[in-house]
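> Hey, dropping target-v8.cif in here, mmCIF, C-alpha atoms and all ligand atoms:
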data_start
#
loop_
_atom_site.group_PDB
_atom_site.id
_atom_site.type_symbol
_atom_site.label_atom_id
_atom_site.label_comp_id
_atom_site.auth_asym_id
_atom_site.auth_seq_id
_atom_site.Cartn_x
_atom_site.Cartn_y
_atom_site.Cartn_z
ATOM 1 C CA MET M 1 0.000 0.000 0.000
ATOM 2 C CA GLY M 2 2.802 2.428 0.895
ATOM 3 C CA LEU M 3 2.413 6.173 0.972
ATOM 4 C CA GLU M 4 -0.457 7.961 -0.693
ATOM 5 C CA ILE M 5 -0.831 11.715 -1.064
ATOM 6 C CA ARG M 6 -4.246 12.806 -2.239
ATOM 7 C CA ASP M 7 -4.929 16.276 -3.544
ATOM 8 C CA ALA M 8 -2.614 17.887 -0.997
ATOM 9 C CA SER M 9 -1.959 21.622 -0.911
ATOM 10 C CA VAL M 10 0.199 23.680 1.418
ATOM 11 C CA VAL M 11 -0.197 27.422 1.867
ATOM 12 C CA TYR M 12 2.282 29.194 4.140
ATOM 13 C CA PRO M 13 0.409 32.083 5.758
ATOM 14 C CA ALA M 14 1.295 35.702 5.057
ATOM 15 C CA ALA M 15 4.130 36.998 7.219
ATOM 16 C CA ASP M 16 6.175 40.199 7.499
ATOM 17 C CA GLY M 17 3.880 42.033 5.069
ATOM 18 C CA ARG M 18 4.411 39.372 2.388
ATOM 19 C CA ALA M 19 1.589 37.533 0.604
ATOM 20 C CA PRO M 20 0.782 33.889 1.492
ATOM 21 C CA VAL M 21 2.877 31.346 -0.448
ATOM 22 C CA GLU M 22 1.178 28.434 -2.200
ATOM 23 C CA ALA M 23 4.126 26.073 -1.733
ATOM 24 C CA LEU M 24 2.268 22.994 -2.984
ATOM 25 C CA SER M 25 -0.832 22.866 -5.102
ATOM 26 C CA ARG M 26 -3.061 19.791 -5.476
ATOM 27 C CA VAL M 27 -0.381 17.137 -5.284
ATOM 28 C CA ASP M 28 -1.247 13.487 -5.934
ATOM 29 C CA LEU M 29 1.521 10.967 -5.390
ATOM 30 C CA THR M 30 1.857 7.285 -4.533
ATOM 31 C CA ILE M 31 5.070 5.703 -3.280
ATOM 32 C CA ARG M 32 4.655 1.947 -3.266
ATOM 33 C CA PRO M 33 6.625 -0.348 -0.917
ATOM 34 C CA GLY M 34 10.169 -0.708 -2.222
ATOM 35 C CA GLU M 35 9.838 2.205 -4.614
ATOM 36 C CA PHE M 36 12.643 4.803 -4.868
ATOM 37 C CA ALA M 37 10.949 8.126 -5.656
ATOM 38 C CA VAL M 38 13.155 11.073 -6.558
ATOM 39 C CA ALA M 39 11.936 14.683 -6.576
ATOM 40 C CA LEU M 40 13.693 17.098 -8.887
ATOM 41 C CA GLY M 41 12.945 20.704 -9.731
ATOM 42 C CA ALA M 42 14.014 24.318 -9.517
ATOM 43 C CA SER M 43 14.583 25.981 -6.181
ATOM 44 C CA GLY M 44 11.297 26.875 -4.501
ATOM 45 C CA CYS M 45 9.132 24.308 -6.296
ATOM 46 C CA GLY M 46 8.124 22.707 -2.998
ATOM 47 C CA LYS M 47 10.391 19.658 -2.720
ATOM 48 C CA SER M 48 11.249 20.179 0.954
ATOM 49 C CA THR M 49 7.650 21.092 1.724
ATOM 50 C CA LEU M 50 6.588 17.762 0.209
ATOM 51 C CA LEU M 51 9.195 15.926 2.281
ATOM 52 C CA ASN M 52 8.055 17.730 5.434
ATOM 53 C CA LEU M 53 4.464 16.652 4.726
ATOM 54 C CA ILE M 54 5.514 13.021 4.347
ATOM 55 C CA ALA M 55 7.690 13.218 7.471
ATOM 56 C CA GLY M 56 4.736 14.622 9.417
ATOM 57 C CA PHE M 57 6.623 17.819 10.328
ATOM 58 C CA LEU M 58 3.918 19.773 8.525
ATOM 59 C CA ALA M 59 0.179 19.222 8.010
ATOM 60 C CA PRO M 60 -1.380 19.911 4.594
ATOM 61 C CA SER M 61 -3.678 22.943 4.267
ATOM 62 C CA SER M 62 -6.005 20.580 2.409
ATOM 63 C CA GLY M 63 -5.838 16.988 1.184
ATOM 64 C CA ASP M 64 -4.650 13.743 2.766
ATOM 65 C CA ILE M 65 -1.342 12.029 3.508
ATOM 66 C CA LEU M 66 -1.817 8.313 4.170
ATOM 67 C CA LEU M 67 0.774 5.729 5.151
ATOM 68 C CA ASN M 68 -0.471 2.176 4.725
ATOM 69 C CA GLY M 69 -3.986 3.620 4.652
ATOM 70 C CA LYS M 70 -3.664 5.567 7.921
ATOM 71 C CA PRO M 71 -3.430 9.369 8.063
ATOM 72 C CA VAL M 72 0.020 10.704 8.908
ATOM 73 C CA ALA M 73 -0.517 12.609 12.147
ATOM 74 C CA GLY M 74 3.077 13.659 12.920
ATOM 75 C CA PRO M 75 6.634 12.360 12.882
ATOM 76 C CA SER M 76 7.115 8.677 13.672
ATOM 77 C CA ALA M 77 9.870 6.045 13.678
ATOM 78 C CA ASP M 78 8.347 4.471 10.562
ATOM 79 C CA ARG M 79 9.700 7.482 8.578
ATOM 80 C CA SER M 80 13.339 8.513 9.066
ATOM 81 C CA VAL M 81 14.850 11.678 7.626
ATOM 82 C CA VAL M 82 18.402 12.258 6.371
ATOM 83 C CA PHE M 83 19.264 15.905 5.790
ATOM 84 C CA GLN M 84 22.014 17.471 3.690
ATOM 85 C CA LYS M 85 23.595 18.741 6.890
ATOM 86 C CA HIS M 86 23.771 15.501 8.767
ATOM 87 C CA ALA M 87 22.851 16.912 12.203
ATOM 88 C CA LEU M 88 25.230 14.606 14.037
ATOM 89 C CA LEU M 89 26.117 15.181 17.658
ATOM 90 C CA PRO M 90 29.770 16.279 17.524
ATOM 91 C CA TRP M 91 30.654 15.292 21.075
ATOM 92 C CA LEU M 92 29.631 11.657 20.500
ATOM 93 C CA ASN M 93 31.551 9.009 18.574
ATOM 94 C CA VAL M 94 30.277 7.063 15.552
ATOM 95 C CA VAL M 95 28.545 4.246 17.392
ATOM 96 C CA GLU M 96 26.941 6.632 19.893
ATOM 97 C CA ASN M 97 25.611 8.802 17.057
ATOM 98 C CA VAL M 98 24.248 5.812 15.145
ATOM 99 C CA ALA M 99 22.609 4.413 18.299
ATOM 100 C CA PHE M 100 21.277 7.771 19.478
ATOM 101 C CA GLY M 101 17.682 7.297 18.305
ATOM 102 C CA LEU M 102 17.568 3.848 19.880
ATOM 103 C CA LYS M 103 18.738 5.352 23.167
ATOM 104 C CA LEU M 104 15.921 7.901 23.002
ATOM 105 C CA GLN M 105 13.515 5.000 22.469
ATOM 106 C CA GLY M 106 14.848 3.433 25.696
ATOM 107 C CA ARG M 107 16.341 0.332 24.051
ATOM 108 C CA PRO M 108 18.818 -1.524 26.317
ATOM 109 C CA ARG M 109 22.514 -0.886 25.765
ATOM 110 C CA ALA M 110 23.389 -4.335 24.347
ATOM 111 C CA ALA M 111 20.526 -4.195 21.813
ATOM 112 C CA ARG M 112 21.524 -0.656 20.778
ATOM 113 C CA GLN M 113 25.089 -1.754 20.262
ATOM 114 C CA GLU M 114 24.059 -4.728 18.146
ATOM 115 C CA VAL M 115 21.787 -2.731 15.833
ATOM 116 C CA ALA M 116 24.318 0.101 15.535
ATOM 117 C CA GLU M 117 27.132 -2.340 14.649
ATOM 118 C CA LYS M 118 24.969 -3.868 11.915
ATOM 119 C CA PHE M 119 24.355 -0.541 10.187
ATOM 120 C CA ILE M 120 27.921 0.671 10.747
ATOM 121 C CA GLY M 121 29.012 -2.440 8.834
ATOM 122 C CA LEU M 122 26.404 -1.914 6.106
ATOM 123 C CA LEU M 123 27.592 1.668 5.566
ATOM 124 C CA GLY M 124 31.260 0.652 5.393
ATOM 125 C CA LEU M 125 32.222 2.365 8.659
ATOM 126 C CA SER M 126 33.589 -0.668 10.537
ATOM 127 C CA GLY M 127 36.770 0.241 12.374
ATOM 128 C CA PHE M 128 35.558 3.791 13.050
ATOM 129 C CA GLU M 129 33.086 2.923 15.827
ATOM 130 C CA THR M 130 34.912 4.902 18.508
ATOM 131 C CA SER M 131 36.108 7.756 16.280
ATOM 132 C CA PRO M 132 34.683 11.163 17.176
ATOM 133 C CA VAL M 133 32.443 12.251 14.280
ATOM 134 C CA TYR M 134 34.240 15.589 13.830
ATOM 135 C CA SER M 135 37.363 13.646 12.808
ATOM 136 C CA LEU M 136 35.599 12.004 9.823
ATOM 137 C CA SER M 137 35.371 13.243 6.223
ATOM 138 C CA GLY M 138 32.099 14.771 4.972
ATOM 139 C CA GLY M 139 31.231 11.581 3.085
ATOM 140 C CA MET M 140 31.785 9.445 6.171
ATOM 141 C CA GLN M 141 29.736 11.808 8.333
ATOM 142 C CA GLN M 142 26.889 11.544 5.859
ATOM 143 C CA ARG M 143 27.121 7.750 6.046
ATOM 144 C CA VAL M 144 26.865 7.991 9.848
ATOM 145 C CA GLY M 145 23.675 10.034 9.350
ATOM 146 C CA ILE M 146 22.248 7.400 6.993
ATOM 147 C CA ALA M 147 23.184 4.566 9.396
ATOM 148 C CA ARG M 148 21.417 6.431 12.202
ATOM 149 C CA ALA M 149 18.296 6.887 10.061
ATOM 150 C CA LEU M 150 18.197 3.158 9.308
ATOM 151 C CA THR M 151 18.411 1.985 12.932
ATOM 152 C CA SER M 152 14.711 2.537 13.585
ATOM 153 C CA ASP M 153 13.953 0.216 10.645
ATOM 154 C CA PRO M 154 11.755 2.830 8.935
ATOM 155 C CA LYS M 155 9.297 1.824 6.238
ATOM 156 C CA LEU M 156 10.139 4.997 4.388
ATOM 157 C CA LEU M 157 13.490 6.755 4.252
ATOM 158 C CA LEU M 158 13.237 10.477 3.479
ATOM 159 C CA MET M 159 16.370 12.127 2.126
ATOM 160 C CA ASP M 160 16.615 15.886 1.535
ATOM 161 C CA GLU M 161 19.567 16.420 -0.792
ATOM 162 C CA PRO M 162 21.695 14.050 1.274
ATOM 163 C CA LEU M 163 24.642 14.119 -1.123
ATOM 164 C CA GLY M 164 24.558 17.809 -2.076
ATOM 165 C CA ALA M 165 27.583 18.770 0.016
ATOM 166 C CA LEU M 166 29.889 16.003 -1.209
ATOM 167 C CA ASP M 167 32.629 16.251 -3.843
ATOM 168 C CA ALA M 168 31.866 14.590 -7.202
ATOM 169 C CA LEU M 169 33.726 11.323 -6.645
ATOM 170 C CA THR M 170 32.477 10.789 -3.080
ATOM 171 C CA ARG M 171 28.984 11.620 -4.296
ATOM 172 C CA GLU M 172 29.056 8.921 -6.993
ATOM 173 C CA LYS M 173 30.293 6.357 -4.481
ATOM 174 C CA ALA M 174 27.579 7.396 -2.022
ATOM 175 C CA GLN M 175 24.917 7.021 -4.729
ATOM 176 C CA GLU M 176 26.024 3.437 -5.300
ATOM 177 C CA LEU M 177 26.130 2.725 -1.565
ATOM 178 C CA ILE M 178 22.596 4.033 -1.067
ATOM 179 C CA LEU M 179 21.309 1.945 -3.983
ATOM 180 C CA ASN M 180 22.977 -1.162 -2.566
ATOM 181 C CA ILE M 181 21.360 -0.532 0.837
ATOM 182 C CA TRP M 182 18.003 0.162 -0.768
ATOM 183 C CA HIS M 183 18.262 -3.083 -2.726
ATOM 184 C CA GLU M 184 19.285 -5.039 0.366
ATOM 185 C CA THR M 185 16.714 -3.586 2.762
ATOM 186 C CA GLN M 186 13.808 -3.172 0.262
ATOM 187 C CA LYS M 187 12.810 0.134 1.867
ATOM 188 C CA SER M 188 10.713 2.807 0.205
ATOM 189 C CA VAL M 189 12.664 6.009 -0.385
ATOM 190 C CA PHE M 190 11.737 9.631 -1.078
ATOM 191 C CA PHE M 191 14.874 11.436 -2.205
ATOM 192 C CA ILE M 192 15.383 15.094 -3.149
ATOM 193 C CA THR M 193 18.179 16.220 -5.447
ATOM 194 C CA HIS M 194 19.106 19.109 -7.742
ATOM 195 C CA SER M 195 21.146 16.804 -9.966
ATOM 196 C CA VAL M 196 19.327 15.424 -13.013
ATOM 197 C CA GLU M 197 21.944 12.705 -13.428
ATOM 198 C CA GLU M 198 21.624 11.624 -9.793
ATOM 199 C CA ALA M 199 17.831 11.603 -10.046
ATOM 200 C CA LEU M 200 17.803 9.451 -13.171
ATOM 201 C CA PHE M 201 20.411 7.038 -11.856
ATOM 202 C CA MET M 202 18.877 6.474 -8.436
ATOM 203 C CA GLY M 203 15.113 6.559 -8.792
ATOM 204 C CA THR M 204 12.554 4.028 -9.893
ATOM 205 C CA LYS M 205 10.152 6.960 -10.171
ATOM 206 C CA LEU M 206 11.101 10.514 -11.101
ATOM 207 C CA ILE M 207 8.894 13.376 -9.936
ATOM 208 C CA VAL M 208 9.630 16.617 -11.763
ATOM 209 C CA MET M 209 8.219 19.596 -9.884
ATOM 210 C CA SER M 210 7.461 23.162 -11.020
ATOM 211 C CA PRO M 211 7.352 26.350 -8.962
ATOM 212 C CA ARG M 212 4.728 29.063 -8.287
ATOM 213 C CA PRO M 213 2.666 27.275 -7.216
ATOM 214 C CA GLY M 214 4.729 24.214 -6.362
ATOM 215 C CA ARG M 215 3.290 21.165 -8.092
ATOM 216 C CA ILE M 216 4.130 17.854 -9.695
ATOM 217 C CA ALA M 217 4.510 18.581 -13.389
ATOM 218 C CA HIS M 218 5.725 15.212 -14.712
ATOM 219 C CA VAL M 219 6.262 11.674 -13.445
ATOM 220 C CA PHE M 220 8.517 9.131 -15.183
ATOM 221 C CA ASP M 221 9.228 5.476 -14.425
ATOM 222 C CA LEU M 222 12.968 4.843 -14.453
ATOM 223 C CA PRO M 223 14.845 1.609 -15.256
ATOM 224 C CA PHE M 224 18.429 2.572 -14.385
ATOM 225 C CA SER M 225 18.733 1.790 -10.640
ATOM 226 C CA LYS M 226 17.384 -1.691 -11.297
ATOM 227 C CA ARG M 227 20.094 -2.200 -13.907
ATOM 228 C CA PHE M 228 22.689 -1.155 -11.335
ATOM 229 C CA CYS M 229 21.270 -3.573 -8.772
ATOM 230 C CA ASP M 230 21.340 -6.278 -11.463
ATOM 231 C CA GLY M 231 25.100 -5.768 -11.787
ATOM 232 C CA GLN M 232 25.637 -3.158 -14.531
ATOM 233 C CA SER M 233 28.278 -0.543 -13.670
ATOM 234 C CA ALA M 234 27.207 2.974 -12.737
ATOM 235 C CA ARG M 235 29.505 4.495 -15.365
ATOM 236 C CA ALA M 236 28.134 2.263 -18.122
ATOM 237 C CA ILE M 237 24.569 3.173 -17.141
ATOM 238 C CA LYS M 238 25.262 6.922 -17.047
ATOM 239 C CA ALA M 239 26.990 6.729 -20.448
ATOM 240 C CA SER M 240 24.200 4.678 -22.088
ATOM 241 C CA GLN M 241 22.155 6.128 -24.937
ATOM 242 C CA ASP M 242 18.779 5.891 -23.212
ATOM 243 C CA PHE M 243 20.154 7.506 -20.040
ATOM 244 C CA ILE M 244 21.613 10.437 -21.990
ATOM 245 C CA ALA M 245 18.439 10.849 -24.066
ATOM 246 C CA LEU M 246 16.208 10.952 -20.986
ATOM 247 C CA ARG M 247 18.632 13.316 -19.221
ATOM 248 C CA GLU M 248 18.306 15.745 -22.143
ATOM 249 C CA ASP M 249 14.493 15.412 -22.177
ATOM 250 C CA VAL M 250 14.275 16.131 -18.447
ATOM 251 C CA LEU M 251 16.665 19.081 -18.699
ATOM 252 C CA ALA M 252 14.565 20.495 -21.553
ATOM 253 C CA ILE M 253 11.420 20.181 -19.395
ATOM 254 C CA ILE M 254 13.065 21.928 -16.447
ATOM 255 C CA PHE M 255 14.424 24.760 -18.589
ATOM 256 C CA ALA M 256 11.028 25.206 -20.290
ATOM 257 C CA ASP M 257 9.322 25.347 -16.871
ATOM 258 C CA GLU M 258 11.866 27.918 -15.724
ATOM 259 C CA GLU M 259 11.196 30.143 -18.733
ATOM 260 C CA ALA M 260 7.440 29.833 -18.376
ATOM 261 C CA ALA M 261 7.578 30.769 -14.677
HETATM 262 N N1 LIG M 301 8.088 28.348 6.528
HETATM 263 C C1 LIG M 301 7.820 28.998 5.397
HETATM 264 N N2 LIG M 301 7.110 30.156 5.394
HETATM 265 C C2 LIG M 301 6.819 30.792 4.254
HETATM 266 N N3 LIG M 301 7.197 30.374 3.031
HETATM 267 C C3 LIG M 301 7.909 29.248 2.967
HETATM 268 C C4 LIG M 301 8.278 28.500 4.129
HETATM 269 N N4 LIG M 301 8.999 27.411 3.752
HETATM 270 C C5 LIG M 301 9.084 27.462 2.407
HETATM 271 N N5 LIG M 301 8.435 28.558 1.919
HETATM 272 C C6 LIG M 301 8.266 28.938 0.506
HETATM 273 O O1 LIG M 301 7.571 27.868 -0.111
HETATM 274 C C7 LIG M 301 8.081 27.633 -1.414
HETATM 275 C C8 LIG M 301 8.559 26.178 -1.491
HETATM 276 O O2 LIG M 301 9.684 26.031 -0.630
HETATM 277 P P1 LIG M 301 10.479 24.639 -0.487
HETATM 278 O O3 LIG M 301 11.586 24.875 0.477
HETATM 279 O O4 LIG M 301 9.537 23.549 -0.212
HETATM 280 O O5 LIG M 301 11.074 24.464 -1.965
HETATM 281 P P2 LIG M 301 12.285 23.562 -2.479
HETATM 282 O O6 LIG M 301 11.884 23.056 -3.815
HETATM 283 O O7 LIG M 301 12.620 22.548 -1.448
HETATM 284 O O8 LIG M 301 13.455 24.613 -2.603
HETATM 285 P P3 LIG M 301 15.043 24.383 -2.537
HETATM 286 O O9 LIG M 301 15.381 23.510 -3.707
HETATM 287 O O10 LIG M 301 15.600 25.757 -2.664
HETATM 288 O O11 LIG M 301 15.346 23.721 -1.206
HETATM 289 C C9 LIG M 301 9.186 28.656 -1.635
HETATM 290 O O12 LIG M 301 8.618 29.752 -2.320
HETATM 291 C C10 LIG M 301 9.588 29.051 -0.225
HETATM 292 O O13 LIG M 301 10.084 30.375 -0.203
#
For this file, produce the structure as structure tokens.

Amino acid sequence: MGLEIRDASVVYPAADGRAPVEALSRVDLTIRPGEFAVALGASGCGKSTLLNLIAGFLAPSSGDILLNGKPVAGPSADRSVVFQKHALLPWLNVVENVAFGLKLQGRPRAARQEVAEKFIGLLGLSGFETSPVYSLSGGMQQRVGIARALTSDPKLLLMDEPLGALDALTREKAQELILNIWHETQKSVFFITHSVEEALFMGTKLIVMSPRPGRIAHVFDLPFSKRFCDGQSARAIKASQDFIALREDVLAIIFADEEAA
């Protein structure tokens, strides 16, 4: 059943003498179990607002957000969020950061340790358990943030430009790592990016959004992440004819939307 958004709109009220902002207008979206949905679009088209709705940080002005048929009434452990700025606790080490949510839930120390070790291994951070997080590279810190998000075993992983601050090479490696984890854990994902290439490579569903008012303008099914999980190399996929053709089509759509706005 997964996540279902029905005719959802968000209006931020007028403030400081400015007019109200229609950040999202009449959005319909379904994210099925195991689906990797990627939202792409110009700045201000409502991507983060959509993520905040799904996370339960924000209620829609109208419409419905349903998870497995039940209305989303606020944040919950079944939806974990990874932000661009990883929001780690700098005075704690890697394992303490990864286990932090479990500690808040009151899980016993041994159980916390076991779950944290599992995800530290999955994210390729073994050997760094006791390192203070400030001593790690940006890419490693982001992996700590992803490991922490996975510890609550969320049904849906929400990622707001998680790789935006990484250098190009680290970013490509992180894309592959996230796809491998997605494939292994079969989670549903909602992922925001500004990179067309990243969106096409990672998603099974591409949501192209337009601004003023923010809305879903186009939805595409994507085959490329499945090819990666079936063993094709990321470079070969990104250099393939159909990938390049779709990348150009999507860029043309985004530029046309920009000019029309
Ligand atoms: N709390 C708020 N109060 C008023 N307006 C807001 C608020 N948050 C966002 N907005 C406005 O709503 C619109 C959508 O913002 P949102 O952050 O969702 O877009 P975005 O696509 O995520 O942008 P970006 O890519 O720059 O992060 C923008 O016009 C923004 O200025």
> Quote the spacing between CA of Met209 in chain M and atom O6 of ligand LIG 301 (chain M) in Å to one decimal place.
7.9 Å
> Please return as a PyMOL selection string the residues found within 10 Å of ligand LIG 301 (chain M), counting all atoms listed in the file.
chain M and resi 10-16+18-24+39-53+58+160-161+192-194+209-215
> Give one line per residue of range 141-225 of chain M that approaches range 234-255 of chain M to at most 12 Å, naming the two atoms of the closest pair and their distance in Å to one decimal, counting all atoms listed in the file; sort by chain then ascending residue number and deliver it as a tab-separated table.

residue	atom	partner	partner_atom	distance
M:Leu169	CA	M:Arg235	CA	11.9
M:Glu172	CA	M:Ala234	CA	8.5
M:Lys173	CA	M:Ala234	CA	9.4
M:Ala174	CA	M:Ala234	CA	11.6
M:Gln175	CA	M:Ala234	CA	9.3
M:Glu176	CA	M:Ala234	CA	7.5
M:Leu177	CA	M:Ala234	CA	11.2
M:Leu179	CA	M:Ala234	CA	10.6
M:Asn180	CA	M:Ala234	CA	11.8
M:His194	CA	M:Ile254	CA	11.0
M:Ser195	CA	M:Leu251	CA	10.1
M:Val196	CA	M:Arg247	CA	6.6
M:Glu197	CA	M:Arg247	CA	6.7
M:Glu198	CA	M:Lys238	CA	9.4
M:Ala199	CA	M:Arg247	CA	9.4
M:Leu200	CA	M:Arg247	CA	7.2
M:Phe201	CA	M:Lys238	CA	7.1
M:Met202	CA	M:Ala234	CA	10.0
M:Leu206	CA	M:Val250	CA	9.8
M:Ile207	CA	M:Val250	CA	10.4
M:Val208	CA	M:Ile254	CA	7.9
M:Met209	CA	M:Ile254	CA	8.5
M:Ser210	CA	M:Ile254	CA	7.9
M:Pro211	CA	M:Ile254	CA	10.4
M:Ile216	CA	M:Ile254	CA	11.9
M:Ala217	CA	M:Ile253	CA	9.3
M:His218	CA	M:Ile253	CA	8.9
M:Val219	CA	M:Val250	CA	10.4
M:Phe220	CA	M:Val250	CA	9.6
M:Asp221	CA	M:Leu246	CA	11.0
M:Leu222	CA	M:Phe243	CA	9.5
M:Pro223	CA	M:Phe243	CA	9.3
M:Phe224	CA	M:Ile237	CA	6.8
M:Ser225	CA	M:Ala234	CA	8.8
> Between CA of Pro162 in chain M and CA of Glu117 in chain M, what is the distance in Å, rounded to a tenth?
21.8 Å
> Counting all atoms listed in the file, give me one row per residue of range 136-244 of chain M with an atom at most 8 Å from an atom of range 66-81 of chain M, showing the shortest contact pair and its distance in Å to one decimal, sorted by chain then residue number, as JSON lines.

{"residue": "M:Ala149", "atom": "CA", "partner": "M:Ser80", "partner_atom": "CA", "distance": 5.3}
{"residue": "M:Leu150", "atom": "CA", "partner": "M:Ser80", "partner_atom": "CA", "distance": 7.2}
{"residue": "M:Ser152", "atom": "CA", "partner": "M:Ala77", "partner_atom": "CA", "distance": 6.0}
{"residue": "M:Asp153", "atom": "CA", "partner": "M:Asp78", "partner_atom": "CA", "distance": 7.0}
{"residue": "M:Pro154", "atom": "CA", "partner": "M:Asp78", "partner_atom": "CA", "distance": 4.1}
{"residue": "M:Lys155", "atom": "CA", "partner": "M:Asp78", "partner_atom": "CA", "distance": 5.2}
{"residue": "M:Leu156", "atom": "CA", "partner": "M:Arg79", "partner_atom": "CA", "distance": 4.9}
{"residue": "M:Leu157", "atom": "CA", "partner": "M:Ser80", "partner_atom": "CA", "distance": 5.1}
{"residue": "M:Leu158", "atom": "CA", "partner": "M:Val81", "partner_atom": "CA", "distance": 4.6}
{"residue": "M:Met159", "atom": "CA", "partner": "M:Val81", "partner_atom": "CA", "distance": 5.7}
{"residue": "M:Asp160", "atom": "CA", "partner": "M:Val81", "partner_atom": "CA", "distance": 7.6}
> I need the residue nearest Ala8 in chain M from this list: M:Leu123, M:Phe83, M:Asp64, M:Glu35. Use all atoms listed in the file for the distance.
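Of M:Leu123, M:Phe83, M:Asp64, M:Glu35, the one nearest Ala8 in chain M is M:Asp64, counting all atoms listed in the file.
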> Output the residue selection produced by the PyMOL selection byres (((chain M and resi 127-142) around 6) and not hetatm) on the file above, formatted as a compact mmCIF listing (two decimals) with C-alpha atoms, in the coordinates of the input.

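Contents of out_9.txt, as written:
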# COMPACT_ATOMS: atom_id res chain seq x y z
CA HIS M 86 23.77 15.50 8.77
CA PRO M 90 29.77 16.28 17.52
CA ASN M 93 31.55 9.01 18.57
CA VAL M 94 30.28 7.06 15.55
CA VAL M 95 28.54 4.25 17.39
CA LEU M 125 32.22 2.37 8.66
CA SER M 126 33.59 -0.67 10.54
CA ARG M 143 27.12 7.75 6.05
CA VAL M 144 26.86 7.99 9.85
CA GLY M 145 23.68 10.03 9.35
> Have a look at CA of Leu29 in chain M and CA of Ile5 in chain M and let me know their distance in Å, one decimal.
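Computed distance, CA of Leu29 in chain M to CA of Ile5 in chain M, equals 5.0 Å.
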> Hey, which of M:Glu258, M:Arg32, M:Glu114, M:Trp182 ends up closest to Lys226 in chain M? Count all atoms listed in the file.
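Distance minimum relative to Lys226 in chain M lands on M:Trp182.
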> Determine the nearest neighbour of Arg6 in chain M from the options M:Ser25, M:Gly63, M:Cys229, M:Phe57, counting all atoms listed in the file.
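Looking only at the distances to Arg6 in chain M, the closest residue turns out to be M:Gly63.
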> Work out where the centre of an axis-aligned box around every listed atom of range 59-65 of chain M lies and how long its edges are once 5 Å is added on each side; give both in Å to one decimal as JSON.

{"center_x": -2.9, "center_y": 17.5, "center_z": 4.6, "size_x": 16.2, "size_y": 20.9, "size_z": 16.8}
> Determine the residue set returned by the PyMOL selection byres (((chain M and resi 188) around 6) and not hetatm) for the present structure, and present it as a PyMOL selection string.
chain M and resi 33-36+156+187+189
> Could you check the closest approach to Glu184 in chain M for each of M:Ile146, M:Gln105, M:Leu122, M:Gly231 and tell me which residue wins, using only C-alpha atoms?
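Smallest separation from Glu184 in chain M among the options: M:Leu122.
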> Which neighbours of Ala111 in chain M fall inside 10 Å, counting only C-alpha atoms, when residues of the same chain fewer than 6 positions from it are skipped, and could you give them as an MDAnalysis selection string?
chainID M and resid 99 102:103 117
> Taking the partial coordinates given, rebuild range 154-165 of chain M to contain N, CA and C atoms; return it as a PDB file, in the frame of the given file.

ATOM      1  N   PRO M 154      12.909   2.099   9.480  1.00  0.00           N
ATOM      2  CA  PRO M 154      11.755   2.830   8.935  1.00  0.00           C
ATOM      3  C   PRO M 154      11.193   2.135   7.688  1.00  0.00           C
ATOM      4  N   LYS M 155       9.893   2.318   7.488  1.00  0.00           N
ATOM      5  CA  LYS M 155       9.297   1.824   6.238  1.00  0.00           C
ATOM      6  C   LYS M 155       9.730   2.714   5.090  1.00  0.00           C
ATOM      7  N   LEU M 156       9.882   3.995   5.415  1.00  0.00           N
ATOM      8  CA  LEU M 156      10.139   4.997   4.388  1.00  0.00           C
ATOM      9  C   LEU M 156      11.321   5.858   4.834  1.00  0.00           C
ATOM     10  N   LEU M 157      12.311   5.948   3.961  1.00  0.00           N
ATOM     11  CA  LEU M 157      13.490   6.755   4.252  1.00  0.00           C
ATOM     12  C   LEU M 157      13.364   8.048   3.439  1.00  0.00           C
ATOM     13  N   LEU M 158      13.414   9.182   4.135  1.00  0.00           N
ATOM     14  CA  LEU M 158      13.237  10.477   3.479  1.00  0.00           C
ATOM     15  C   LEU M 158      14.584  11.180   3.439  1.00  0.00           C
ATOM     16  N   MET M 159      15.026  11.574   2.253  1.00  0.00           N
ATOM     17  CA  MET M 159      16.370  12.127   2.126  1.00  0.00           C
ATOM     18  C   MET M 159      16.315  13.462   1.390  1.00  0.00           C
ATOM     19  N   ASP M 160      16.678  14.541   2.113  1.00  0.00           N
ATOM     20  CA  ASP M 160      16.615  15.886   1.535  1.00  0.00           C
ATOM     21  C   ASP M 160      17.998  16.294   1.064  1.00  0.00           C
ATOM     22  N   GLU M 161      18.257  16.106  -0.205  1.00  0.00           N
ATOM     23  CA  GLU M 161      19.567  16.420  -0.792  1.00  0.00           C
ATOM     24  C   GLU M 161      20.723  15.868   0.034  1.00  0.00           C
ATOM     25  N   PRO M 162      20.705  14.569   0.320  1.00  0.00           N
ATOM     26  CA  PRO M 162      21.695  14.050   1.274  1.00  0.00           C
ATOM     27  C   PRO M 162      23.124  14.121   0.753  1.00  0.00           C
ATOM     28  N   LEU M 163      23.279  14.188  -0.575  1.00  0.00           N
ATOM     29  CA  LEU M 163      24.642  14.119  -1.123  1.00  0.00           C
ATOM     30  C   LEU M 163      25.103  15.466  -1.669  1.00  0.00           C
ATOM     31  N   GLY M 164      24.296  16.506  -1.463  1.00  0.00           N
ATOM     32  CA  GLY M 164      24.558  17.809  -2.076  1.00  0.00           C
ATOM     33  C   GLY M 164      25.875  18.439  -1.659  1.00  0.00           C
ATOM     34  N   ALA M 165      26.380  18.100  -0.469  1.00  0.00           N
ATOM     35  CA  ALA M 165      27.583  18.770   0.016  1.00  0.00           C
ATOM     36  C   ALA M 165      28.856  17.976  -0.288  1.00  0.00           C
TER      37      ALA M 165
END
